[in-house]
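> Supplied structure: upload-v7.txt, compact mmCIF, C-alpha atoms.
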# COMPACT_ATOMS: atom_id res chain seq x y z
CA GLN A 1 -14.49 51.16 184.32
CA ASN A 2 -11.34 50.86 186.43
CA THR A 3 -11.45 48.09 189.03
CA TYR A 4 -9.41 48.01 192.26
CA VAL A 5 -8.43 45.00 194.35
CA LYS A 6 -7.58 46.19 197.87
CA SER A 7 -4.45 45.11 199.73
CA ASN A 8 -6.40 42.92 202.16
CA LEU A 9 -7.91 40.84 199.34
CA VAL A 10 -6.54 38.06 197.10
CA LEU A 11 -7.63 37.73 193.49
CA ASN A 12 -7.74 34.06 192.45
CA ILE A 13 -8.23 33.10 188.82
CA ASN A 14 -8.49 29.37 188.15
CA LYS A 15 -8.82 27.23 185.04
CA ASN A 16 -11.71 28.10 182.73
CA GLN A 17 -11.83 31.59 184.27
CA ASN A 18 -11.00 34.70 182.22
CA ILE A 19 -11.04 38.47 182.64
CA TYR A 20 -11.91 40.82 179.78
CA LEU A 21 -11.07 44.54 179.89
CA SER A 22 -12.80 47.10 177.65
CA ASN A 23 -13.10 50.84 177.13
CA GLY A 24 -9.48 51.37 178.28
CA ALA A 25 -10.24 50.08 181.79
CA SER A 26 -7.40 49.29 184.19
CA LEU A 27 -7.34 46.42 186.66
CA ILE A 28 -5.40 47.82 189.63
CA ILE A 29 -4.30 45.18 192.14
CA TYR A 30 -2.89 45.94 195.61
CA GLY A 31 -3.68 42.50 197.02
CA ASP A 32 -2.00 39.30 195.89
CA LEU A 33 -2.79 37.75 192.51
CA ASN A 34 -2.94 33.99 191.88
CA ILE A 35 -3.62 32.73 188.37
CA ILE A 36 -3.54 28.96 187.97
CA GLY A 37 -4.75 28.00 184.54
CA ASP A 38 -4.82 24.66 182.79
CA LYS A 39 -1.89 23.64 180.60
CA ASN A 40 -4.17 23.00 177.62
CA ASN A 41 -6.73 25.71 178.40
CA LYS A 42 -4.88 28.70 179.78
CA SER A 43 -6.61 31.36 181.85
CA LYS A 44 -6.79 34.66 180.03
CA ILE A 45 -6.71 38.38 180.69
CA GLU A 46 -7.60 40.11 177.44
CA GLY A 47 -8.37 43.60 176.25
CA ILE A 48 -11.33 44.13 173.94
CA GLU A 49 -11.10 46.38 170.88
CA PRO A 50 -11.01 49.23 170.23
CA ASP A 51 -9.76 50.66 173.56
CA TYR A 52 -8.42 47.48 175.20
CA GLY A 53 -7.27 47.63 178.86
CA SER A 54 -4.30 47.40 181.22
CA LEU A 55 -3.00 46.06 184.53
CA ILE A 56 -1.22 47.73 187.46
CA LEU A 57 0.12 45.51 190.26
CA ASN A 58 1.48 47.39 193.26
CA ARG A 59 3.32 46.12 196.37
CA ASN A 60 1.99 42.59 196.11
CA ASN A 61 2.90 38.97 195.34
CA ASN A 62 1.94 37.47 191.99
CA TYR A 63 1.84 33.74 191.19
CA ILE A 64 0.92 33.18 187.55
CA ILE A 65 0.88 29.80 185.78
CA ASN A 66 -0.62 28.74 182.42
CA SER A 67 -1.95 32.16 181.48
CA VAL A 68 -2.44 34.35 178.41
CA PHE A 69 -2.26 38.15 178.44
CA LYS A 70 -3.52 39.59 175.16
CA ASN A 71 -4.47 42.89 173.51
CA LEU A 72 -3.37 45.24 176.28
CA LYS A 73 -2.14 48.84 176.35
CA ALA A 74 -0.69 51.32 178.85
CA PRO A 75 -3.07 52.77 181.49
CA ASP A 76 -4.53 56.22 181.02
CA LEU A 77 -4.90 57.49 184.57
CA GLN A 78 -4.99 61.20 185.27
CA GLY A 79 -1.90 62.38 187.14
CA TYR A 80 0.08 59.19 186.52
CA THR A 81 2.40 57.97 183.77
CA PHE A 82 2.74 54.28 183.01
CA TYR A 83 4.67 52.76 180.13
CA GLY A 84 3.65 49.12 180.34
CA ALA A 85 0.49 47.30 179.41
CA LEU A 86 1.34 45.30 182.54
CA ASN A 87 3.02 47.30 185.30
CA PHE A 88 4.58 45.47 188.25
CA ILE A 89 5.69 47.97 190.93
CA ASN A 90 7.48 46.84 194.11
CA THR A 91 6.29 43.28 193.59
CA LYS A 92 7.49 39.69 193.89
CA ASN A 93 6.55 37.60 190.86
CA TYR A 94 6.65 34.00 189.69
CA ILE A 95 5.35 33.54 186.14
CA LYS A 96 5.44 30.19 184.33
CA ASN A 97 4.11 28.66 181.08
CA SER A 98 2.50 31.91 179.97
CA ILE A 99 2.04 33.84 176.72
CA PHE A 100 1.99 37.61 176.23
CA GLU A 101 0.47 38.47 172.87
CA LYS A 102 -0.22 41.79 171.18
CA SER A 103 0.49 44.98 173.09
CA PHE A 104 -0.09 48.62 172.17
CA SER A 105 2.24 50.42 174.58
CA GLU A 106 5.88 51.41 175.03
CA ASP A 107 6.46 48.22 177.06
CA PHE A 108 4.39 45.08 177.17
CA ILE A 109 5.66 44.32 180.69
CA ASN A 110 7.37 46.90 182.92
CA PHE A 111 8.90 45.57 186.14
CA ILE A 112 9.85 48.39 188.53
CA ASP A 113 11.69 47.73 191.83
CA SER A 114 10.53 44.13 191.60
CA LYS A 115 11.93 40.61 192.01
CA THR A 116 10.81 38.25 189.28
CA GLU A 117 11.27 34.65 188.19
CA LEU A 118 10.14 33.63 184.69
CA GLU A 119 9.95 30.12 183.24
CA ASN A 120 8.71 29.12 179.77
CA ILE A 121 7.52 32.56 178.67
CA GLU A 122 6.65 33.69 175.14
CA LEU A 123 6.10 37.28 173.99
CA VAL A 124 4.79 37.78 170.48
CA ASP A 125 3.53 40.64 168.28
CA VAL A 126 4.64 43.41 170.62
CA ALA A 127 4.36 47.04 169.49
CA SER A 128 7.56 48.27 171.20
CA ASP A 129 9.63 46.73 174.05
CA ALA A 130 8.64 43.26 175.26
CA ILE A 131 10.10 43.37 178.80
CA ASP A 132 11.53 46.46 180.50
CA ILE A 133 13.10 46.17 183.96
CA ASP A 134 13.91 49.25 186.04
CA LYS A 135 15.80 48.77 189.33
CA GLY A 136 14.85 45.12 189.59
CA GLU A 137 16.07 41.55 189.81
CA MET A 138 15.10 38.77 187.46
CA LYS A 139 15.89 35.13 186.82
CA PHE A 140 14.55 33.41 183.73
CA THR A 141 14.60 30.06 181.97
CA ASN A 142 13.39 29.58 178.40
CA LEU A 143 12.25 33.01 177.25
CA ILE A 144 11.05 33.59 173.67
CA CYS A 145 10.50 36.89 171.84
CA LYS A 146 8.97 36.99 168.34
CA ASN A 147 7.95 39.98 166.22
CA ILE A 148 8.99 42.75 168.58
CA GLY A 149 8.68 46.39 167.49
CA ASN A 150 11.66 47.62 169.54
CA ASP A 151 13.70 45.66 172.17
CA CYS A 152 13.09 42.14 173.43
CA LEU A 153 14.75 42.76 176.81
CA ASP A 154 15.64 46.20 178.16
CA PHE A 155 17.39 46.41 181.55
CA SER A 156 18.24 49.50 183.59
CA ASN A 157 19.96 49.40 187.00
CA SER A 158 19.03 45.73 187.29
CA LYS A 159 20.50 42.33 188.10
CA VAL A 160 19.57 39.51 185.73
CA GLN A 161 20.46 35.85 185.39
CA GLY A 162 19.05 33.75 182.59
CA GLU A 163 19.27 30.59 180.56
CA LYS A 164 17.77 29.85 177.14
CA LEU A 165 16.78 33.02 175.30
CA PHE A 166 15.40 32.84 171.75
CA THR A 167 14.54 35.89 169.66
CA ASN A 168 13.30 36.38 166.10
CA ASN A 169 12.35 39.49 164.14
CA ILE A 170 13.43 42.16 166.60
CA LYS A 171 13.26 45.66 165.13
CA ASP A 172 15.88 47.16 167.46
CA LYS A 173 17.86 45.23 170.13
CA SER A 174 17.42 41.66 171.27
CA LEU A 175 19.20 42.55 174.50
CA SER A 176 19.75 46.06 175.86
CA VAL A 177 21.72 46.38 179.10
CA GLY A 178 22.11 49.83 180.67
CA GLU A 179 22.57 52.03 183.74
CA LYS A 180 24.70 49.90 186.08
CA SER A 181 23.04 46.60 185.23
CA ASN A 182 24.72 43.24 185.79
CA VAL A 183 23.63 40.45 183.46
CA LYS A 184 24.63 36.81 182.97
CA ILE A 185 22.84 34.71 180.35
CA ASN A 186 23.65 31.27 178.95
CA LYS A 187 22.41 29.61 175.76
CA ILE A 188 20.96 32.36 173.62
CA ASN A 189 19.85 32.30 169.99
CA LEU A 190 19.26 35.70 168.39
CA ASN A 191 17.76 35.89 164.90
CA ASN A 192 16.88 38.79 162.62
CA SER A 193 17.56 41.67 165.00
CA GLU A 194 18.85 45.09 164.05
CA ILE A 195 21.24 45.06 167.04
CA ALA A 196 21.85 41.76 168.78
CA ILE A 197 23.30 43.05 172.06
CA ALA A 198 23.96 46.57 173.37
CA VAL A 199 25.68 47.17 176.72
CA LYS A 200 25.88 50.73 178.04
CA ASP A 201 26.60 53.01 180.96
CA SER A 202 28.56 51.24 183.72
CA SER A 203 26.90 47.91 182.94
CA ASN A 204 28.52 44.47 182.87
CA ALA A 205 27.24 41.54 180.82
CA THR A 206 28.57 38.01 180.36
CA ILE A 207 26.95 35.95 177.62
CA SER A 208 27.83 32.28 177.02
CA ASP A 209 26.93 29.86 174.22
CA ILE A 210 25.50 32.46 171.87
CA SER A 211 24.28 32.13 168.28
CA ILE A 212 23.57 35.25 166.20
CA ASN A 213 21.95 35.06 162.76
CA ASN A 214 21.18 37.98 160.45
CA SER A 215 22.02 40.97 162.63
CA THR A 216 22.92 44.37 161.20
CA LEU A 217 25.04 45.16 164.27
CA PRO A 218 25.92 42.17 166.47
CA PHE A 219 27.48 44.12 169.38
CA ALA A 220 27.59 47.70 170.66
CA VAL A 221 29.40 48.60 173.91
CA PHE A 222 29.55 52.25 174.90
CA VAL A 223 28.74 55.10 177.26
CA LYS A 224 25.51 56.86 176.35
CA LYS A 225 25.00 59.12 179.37
CA ASN A 226 27.76 61.31 180.79
CA GLU A 227 27.00 60.44 184.41
CA TYR A 228 28.03 56.81 183.86
CA GLY A 229 31.34 55.07 183.28
CA PRO A 230 32.50 52.42 180.78
CA ALA A 231 30.50 49.34 179.88
CA HIS A 232 31.84 45.78 179.62
CA LEU A 233 30.65 42.82 177.55
CA LYS A 234 32.22 39.36 177.64
CA ILE A 235 31.18 36.77 175.05
CA LYS A 236 31.98 33.06 175.33
CA ASN A 237 31.43 30.44 172.60
CA LEU A 238 30.13 32.68 169.78
CA ASN A 239 28.57 31.35 166.58
CA ILE A 240 27.66 34.12 164.13
CA SER A 241 26.22 33.90 160.61
CA ASN A 242 24.69 36.13 157.93
CA SER A 243 25.56 39.21 159.97
CA ASN A 244 27.68 42.29 159.41
CA ASN A 245 31.20 41.96 160.77
CA VAL A 246 30.82 45.21 162.70
CA TYR A 247 31.38 45.57 166.44
CA LEU A 248 31.06 49.08 167.86
CA VAL A 249 33.03 49.79 171.03
CA ASP A 250 33.80 53.22 172.41
CA LYS A 251 37.29 54.21 173.51
CA ILE A 252 36.77 53.48 177.23
CA SER A 253 34.49 50.41 177.21
CA THR A 254 35.52 46.79 176.58
CA LEU A 255 34.29 43.93 174.42
CA LYS A 256 35.92 40.52 174.77
CA ILE A 257 34.96 37.66 172.44
CA ASP A 258 36.30 34.19 173.23
CA GLY A 259 39.28 35.72 174.97
CA LYS A 260 40.04 38.29 172.26
CA LYS A 261 39.66 41.95 173.22
CA ILE A 262 38.01 44.21 170.63
CA LEU A 263 39.33 47.75 170.93
CA GLY A 264 37.39 50.85 169.95
CA LYS A 265 38.27 54.45 169.18
CA LEU A 266 34.87 56.09 168.88
CA ASP A 267 33.15 58.39 171.32
CA GLY A 268 30.05 56.87 172.90
CA LYS A 269 27.85 59.70 171.66
CA LYS A 270 28.83 58.89 168.07
CA ILE A 271 27.88 55.25 168.53
CA GLU A 272 24.52 56.22 169.99
CA GLY A 273 23.86 58.44 166.97
CA MET A 274 24.58 55.73 164.41
What does the file become when written as structure tokens?

Amino acid sequence: QNTYVKSNLVLNINKNQNIYLSNGASLIIYGDLNIIGDKNNKSKIEGIEPDYGSLILNRNNNYIINSVFKNLKAPDLQGYTFYGALNFINTKNYIKNSIFEKSFSEDFINFIDSKTELENIELVDVASDAIDIDKGEMKFTNLICKNIGNDCLDFSNSKVQGEKLFTNNIKDKSLSVGEKSNVKINKINLNNSEIAIAVKDSSNATISDISINNSTLPFAVFVKKNEYGPAHLKIKNLNISNSNNVYLVDKISTLKIDGKKILGKLDGKKIEGM
């Protein structure tokens, strides 16, 4: 059954301690969460087949080190809609040396109105989006996405700074930047993604030291929603291989690659429909 941790309590999970969720149960945490696992024996929160489980963290502080989150799905709570297997809402988060494996939801992790720092994080075998940030801030170092059913990173109205991003086998976009987001990332290696980077809707992204291998569409820069203005993507030090030489830019947005501006003539709606 669903379990609640009240705001005046702290949930501490130490090495050799695990939590298992079954029958679709949600762990709903209003107090702070501290998970401090062992480097060689990570603490685990895992859903049990067939109905798995989920987490909701609301208005709290989360300190998570050496942990595994596995086999989780979105909560099923009457009167509420959640998209993530892990939902961080109005939270402050520090997550390090942790693995997120196998999700069965629209997002594995959904950060909403939250401030987050990630270090040495791996997401693997994800049904749809790996990380979705809505109206948040994030800094990351060494983030890995493998076997992702939709997007690796999906940002909306967010501010993101990162270094060292590796992706492989991404069914849609390795990096999706939208709705007035501002993103700066250095040292990224994107492999086998349908779209390497998409920047949309009044967003600005600067990407440095980037390698793209085997992408159907390396870059798309456009306006998707009428209420937003042009998008801007600046690329520095690009190395691209085994990819289509196709860059889609609408007639009001800008793409600049190593100082060269790529001009577009298409309407944003046409790019979205491709």
> From the set A:Ser211, A:Asn93, A:Ser176, A:Asn204, which residue has the shortest atom-to-atom contact distance to Thr116 in chain A, counting all atoms listed in the file?
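Comparing A:Ser211, A:Asn93, A:Ser176, A:Asn204 against Thr116 in chain A, the winner is A:Asn93.
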> Just give me the residues with any atom within 7 Å of (14.6, 46.1, 169.3), file coordinates, counting all atoms listed in the file, written as a PyMOL selection string.
chain A and resi 129+148-152+170-174+193-194
> List as a PDB file with C-alpha atoms, keeping the file's coordinate frame the residues having at least one atom at most 7 Å from position (22.0, 43.7, 161.6) as given in the file, counting only C-alpha atoms.

ATOM      1  CA  SER A 193      17.560  41.670 165.000  1.00  0.00           C
ATOM      2  CA  GLU A 194      18.850  45.090 164.050  1.00  0.00           C
ATOM      3  CA  ILE A 195      21.240  45.060 167.040  1.00  0.00           C
ATOM      4  CA  ASN A 214      21.180  37.980 160.450  1.00  0.00           C
ATOM      5  CA  SER A 215      22.020  40.970 162.630  1.00  0.00           C
ATOM      6  CA  THR A 216      22.920  44.370 161.200  1.00  0.00           C
ATOM      7  CA  LEU A 217      25.040  45.160 164.270  1.00  0.00           C
ATOM      8  CA  PRO A 218      25.920  42.170 166.470  1.00  0.00           C
ATOM      9  CA  SER A 243      25.560  39.210 159.970  1.00  0.00           C
ATOM     10  CA  ASN A 244      27.680  42.290 159.410  1.00  0.00           C
TER      11      ASN A 244
END
> So that I can see what lies close to Lys224 in chain A, please list as an MDAnalysis selection string the residues with an atom at most 10 Å from it, counting only C-alpha atoms and leaving out residues fewer than 6 positions away in the same chain.
chainID A and resid 178:179 199:202 230:231 250 267:273
> Fewer than 6 positions away in the same chain doesn't count, so skip those; otherwise give me all residues within 6 Å of Glu137 in chain A, counting all atoms listed in the file, as a PDB file with C-alpha atoms, keeping the file's coordinate frame.

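This went into part_37.pdb:
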ATOM      1  CA  LYS A 115      11.930  40.610 192.010  1.00  0.00           C
ATOM      2  CA  SER A 158      19.030  45.730 187.290  1.00  0.00           C
ATOM      3  CA  LYS A 159      20.500  42.330 188.100  1.00  0.00           C
ATOM      4  CA  VAL A 160      19.570  39.510 185.730  1.00  0.00           C
TER       5      VAL A 160
END
> Take CA of Ile185 in chain A and CA of Ala74 in chain A and report the distance between them in Å, one decimal.
28.8 Å
> For range 44-57 of chain A, find every residue with an atom within 7 Å (counting all atoms listed in the file), except residues of its own chain fewer than 5 positions away, and show them as a ChimeraX atom specification.
/A:18-30,67-75,85-89
> Could you check how far CA of Leu248 in chain A sits from CA of Asp209 in chain A, in Å to one decimal?
20.7 Å
> Calculated over all atoms listed in the file, which of the candidates A:Asn14, A:Asn66, A:Thr81, A:Ile212 has the smallest distance to Ile99 in chain A?
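So, comparing all the options, the nearest one is A:Asn66.
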> Please list as a CSV table (one decimal) with C-alpha atoms, in the coordinates of the input every residue within 6 Å of Gly264 in chain A, counting all atoms listed in the file and excluding residues in the same chain fewer than 2 positions away.

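In the end it all went to part29.csv:
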chain,number,residue,atom,x,y,z
A,249,VAL,CA,33.0,49.8,171.0
A,250,ASP,CA,33.8,53.2,172.4
A,251,LYS,CA,37.3,54.2,173.5
A,266,LEU,CA,34.9,56.1,168.9
> Please indicate the distance in Å from CA of Asn192 in chain A to CA of Cys145 in chain A, rounded to one decimal place.
11.4 Å
> Box along x, y and z, 4 Å on every side, all listed atoms of range 246-255 of chain A inside: centre and edge lengths in Å to one decimal, as lines of an AutoDock Vina configuration file.

center_x = 34.1
center_y = 49.1
center_z = 170.0
size_x = 14.5
size_y = 18.3
size_z = 22.5
> For Phe166 in chain A, work out the shell of residues within 9 Å, counting only C-alpha atoms and skipping chain neighbours fewer than 4 positions away, then give it as a ChimeraX atom specification.
/A:142-146,187-191
> Of the candidates A:Ile64, A:Ile210, A:Leu9, A:Val246, which one gets nearest to Asn186 in chain A if we count only C-alpha atoms?
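Nearest to Asn186 in chain A: A:Ile210.
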> Between A:Asn237, A:Asn169, A:Asn61, A:Asn34, single out the one closest to Ser208 in chain A, counting all atoms listed in the file.
A:Asn237
> Given the choices A:Lys261, A:Ile252, A:Arg59, A:Phe82, which gets closest to Lys236 in chain A if the distance is worked out from all atoms listed in the file?
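Closest to Lys236 in chain A, using all atoms listed in the file: A:Lys261.
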> Find, counting only C-alpha atoms, the residue in A:Leu118, A:Ile131, A:Val10, A:Leu33 that gets nearest to Ser105 in chain A.
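Once distances to Ser105 in chain A are computed over only C-alpha atoms, the minimum belongs to A:Ile131.
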